[in-house]
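Chemist: Starting off with a structure, shown below.
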Amino acid sequence: MRLRAVLGIGIGTFSVLVGGGKGLLKNGPQTCRWRLQGRKQYSFLPDDVKSPRAVVNPDISKIRNIGIMAHIDAGKTTTTERMLYYSGYTRALGDVDDGDTVTDFMDQERERGITIQSAAVTFDWKKHRINLIDTPGHVDFTLEVERALRVLDGAVAVFDASAGVEAQTLTVWRQAEKHHVPCICFLNKMDKPGASLHFSIESIKKKLKANPVLLQIPIGSGKSFTGLIDLITNQQMKWRVKSRAEDGRVFETKSLSQSDDPELLQDAMEARAALIEQVADLDDEFAELLLEGYGENFDAVPPAKLQEAVRRVTLARKGVPVLCGSSLRNKGVQPLLDAITAYLPAPNERHHDLVRWYQDDLCALAFKVVHDKQRGPLVFVRIYSGTMKPQSAVLNINRNNTERMSRLLLPFADQHVEIPSLTAGNIALCVGLKQTVTGDTIVSSKASAAAAVRRAQKEGEGERKRGGEQASLVLAGVEVPEPVFFCSIEPPTMSKQADLENALTCLQREDPSLKVRVDPDSGQTVLCGMGELHIEILHDRIRREYGIETHLGPLQVAYRETILQSVATTDMLDRTVGERRHMVTVSVAVCPIMDDDSSSLTSCEITYDEEVEEQLSPDVRDAVENGVNSSYLQGPLLGYPVQGVSTMIQSVSMEPGTSLAMLSACVSRCMLKALRQAGGQVLEPVMSLEVTVGEEHLSSVLGDLAQRRGAIRDIQSRHDSKVLLATAPLAEMMGYSTALRTLTSGNATFSLQLDIYEAMNPQHQNALLNKMAGLA
């Protein structure tokens, strides 16, 4: 027992002491094996830590490309850490609070305990290759989730079992639905005092409008949560709870028997019967099987048949399997890995038209770019067809240029393993693609692209897109949300200006949601981002990674402008340049447009009078539309972009010899005149706000929101807390996190995301105009 006292309790602890912490060493020290009296030897204990080099290279049917997505602090990164540990790729359990996790490798992530960049890891589990992407939960980095889901085949949605569906859970779920990604739900934190299986299931039904298929029920709740009952196999899994040092590798699996707790036995029987009925309703093949032989006795339904039916239901997105556990307490992660391989689709079960057209030729999508100081830009690609090899030339269809890929790597967070080739269905890292950016389609050559066009047209699929080869062959890219915050950024000295521009260029390639522009009046460089945290992280990265101590101006809100009434106007341009006389007369009419709900403004549109449309050639129409669109970029009041305006071109008259540039200039000038006459209106971004707060602090939070022009939508109860749903103008939410911490002694959490652009009332608009003019 002296040895045990020195080493600590548990096999995992000993391996840390010998191995010196977490790492990805190829030949790690052997894990100590022993038998303790009365304790069974667990069969899955690897002798040493696996290297990513040892990842199996299975058939495409054994590959799973999955993402882990959730609200902030639901346990995504911790769950990923446990997966890597149990699959044998790390020798110690990483902890977000300790800042030693594999996928949160940036300094900013480890300091703040949040995920900022999505990180990819590749590992194997029971002869399956799993390519996993751990995504951020903060709304400021929602693009990271968007571009990960674009290339994944399945997703694991992690929920805090005490909170159910939270604000950002709803956002990421919608993103998964948009890309038709089958999902599994994992109810994490079942060991928390307020954890509730019933509450979480109900919130999934009500808020996500999903159909949860419960595959497990917990044994115990809160601190007494010790294990799970698998309803598919009717087995119970129990983890040891005697020591916090237990690493969760050892757990006992046995069939339910009459000697077990009668209440637990009854709950399991009822839950399994409900599961079988639910699956029979969703899957006709399983319903027929039941009718043929198991209608009277559900207990006799073979687990394999039930599992196959649940898989069909999941792939058809008719239902969502629900599992539970506690990642931090090392319970329930191995069954989750089994469920990923059992229920989520392989790449060949997801259908893409392009794959059919390219057949065995290479077709891949670049979905992320990161900059490495030694290797330069590293491009993450998802291979849809063909094989990718290093030292080969590839064609970027979007940019119509050929680049040479020097090396091919397998991603493992910030550690990468060089590989000789990679086949369809996988995720890889390419070195040497200097021009490729997020959303670009990569193929092997122009010849293979032309062959794919011929196949597409032969099948009749390309009829609508015969405008060119590019139109029919580019994979759908990634939708980039519009920024809502901006601020100026200045280098410490003019000599650092070039370095700052280089840093911003690299960061823009990595993060398409970052926009950089130069103010035409002041000449200042302006950063446009998704939120306060987004810009703060970017500023910190410029300082640390590029060594530039920049100065940020005050954060400003990205307003929009619209008009109040309909106006028609005419303008004429008569100018002689050199020996050429340019003469144009244009008449336009502008009017405000609304969405169907008559409350929100839509983007702008351009229409033509029927007679005018017939007279204009395509070149002239392009010039007219360029002029209109350029006038939409800067509104008449404060110079913010215009939205919610419909423009009708009533007449265009040009003298022979007039250039198209002069036509665009005349249209733009006429539009500016019309917008000024129509009466300007400032639109401000209004945020959707969710605050979770104790009842004792509710009144002070409500009072503070009232001062911030907030509108309360609903107040819900969640165990001992209140959930406040509200909307508030973004301009009033500056520094809200600090104010909320002060009001509630740090006991409240909140999430914020853009809801809508709304018209400001005259009083606040005048105050803003005076402030921008320097009069306030």
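Labeling convention for the structure tokens: chains A, B, ... as they appear, residues from 1 per chain, ligands from 1 in order of appearance.
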If we count only C-alpha atoms and set the cut-off at 8 Å, which residues sit around Pro491 in chain A, ignoring sequence neighbours fewer than 2 positions away in its own chain? Please answer as a PDB file with C-alpha atoms, in the first residue's frame.

Modeler:
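Done, and the output landed in around.pdb:
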```pdb
ATOM      1  CA  ILE A 489      -6.005  50.587 -35.459  1.00  0.00           C
ATOM      2  CA  THR A 493       5.384  54.317 -35.582  1.00  0.00           C
ATOM      3  CA  MET A 494       5.035  54.811 -39.333  1.00  0.00           C
ATOM      4  CA  LYS A 496       5.730  49.609 -38.558  1.00  0.00           C
ATOM      5  CA  GLN A 497       2.856  50.386 -40.967  1.00  0.00           C
ATOM      6  CA  LEU A 500       0.860  45.902 -39.569  1.00  0.00           C
ATOM      7  CA  ILE A 548       3.518  45.012 -33.051  1.00  0.00           C
ATOM      8  CA  GLU A 549       2.250  47.153 -30.143  1.00  0.00           C
ATOM      9  CA  THR A 550      -0.728  48.689 -31.924  1.00  0.00           C
ATOM     10  CA  HIS A 551      -3.168  51.268 -30.574  1.00  0.00           C
TER      11      HIS A 551
END
```

Chemist: Residues within 9 Å of Pro212 in chain A, please, as a PyMOL selection string. Count only C-alpha atoms; anything in the same chain fewer than 2 positions from it doesn't count.

Modeler: chain A and resi 185+201-202+204-205+210+214+319-322

Chemist: For the structure I just gave you, how does DSSP split range 173-363 of chain A - specifically, which residues are helix (DSSP H, G or I)? Reply as a VMD selection string.

Modeler: chain A and resid 173 to 178 197 to 208 222 to 224 262 to 282 284 to 294 298 to 300 303 to 315 333 to 343 347 to 349 353 to 358

Chemist: With 12 Å as the cut-off and only C-alpha atoms counted, what is the closest atom pair between each nearby residue of range 167-229 of chain A and range 678-698 of chain A? Distances in Å to one decimal, ordered by chain and number, as a Markdown table.

Modeler:
```
| residue | atom | partner | partner_atom | distance |
| --- | --- | --- | --- | --- |
| A:Ala167 | CA | A:Glu690 | CA | 6.7 |
| A:Gln168 | CA | A:Glu690 | CA | 9.7 |
| A:Leu170 | CA | A:Glu690 | CA | 11.9 |
| A:Thr171 | CA | A:Ser688 | CA | 11.7 |
```

Chemist: Can you pull out every residue within 8 Å of Lys331 in chain A, counting only C-alpha atoms, but drop anything in the same chain fewer than 5 positions away, and send it as a ChimeraX atom specification?

Modeler: /A:226-227,239,248,325-326

Chemist: Based on the backbone DSSP call, show me all residues of range 152-302 of chain A assigned strand (DSSP E or B), as an MDAnalysis selection string.

Modeler: chainID A and resid 154:160 164 183:188 212:214 216:219 227:230 235:239 251:255
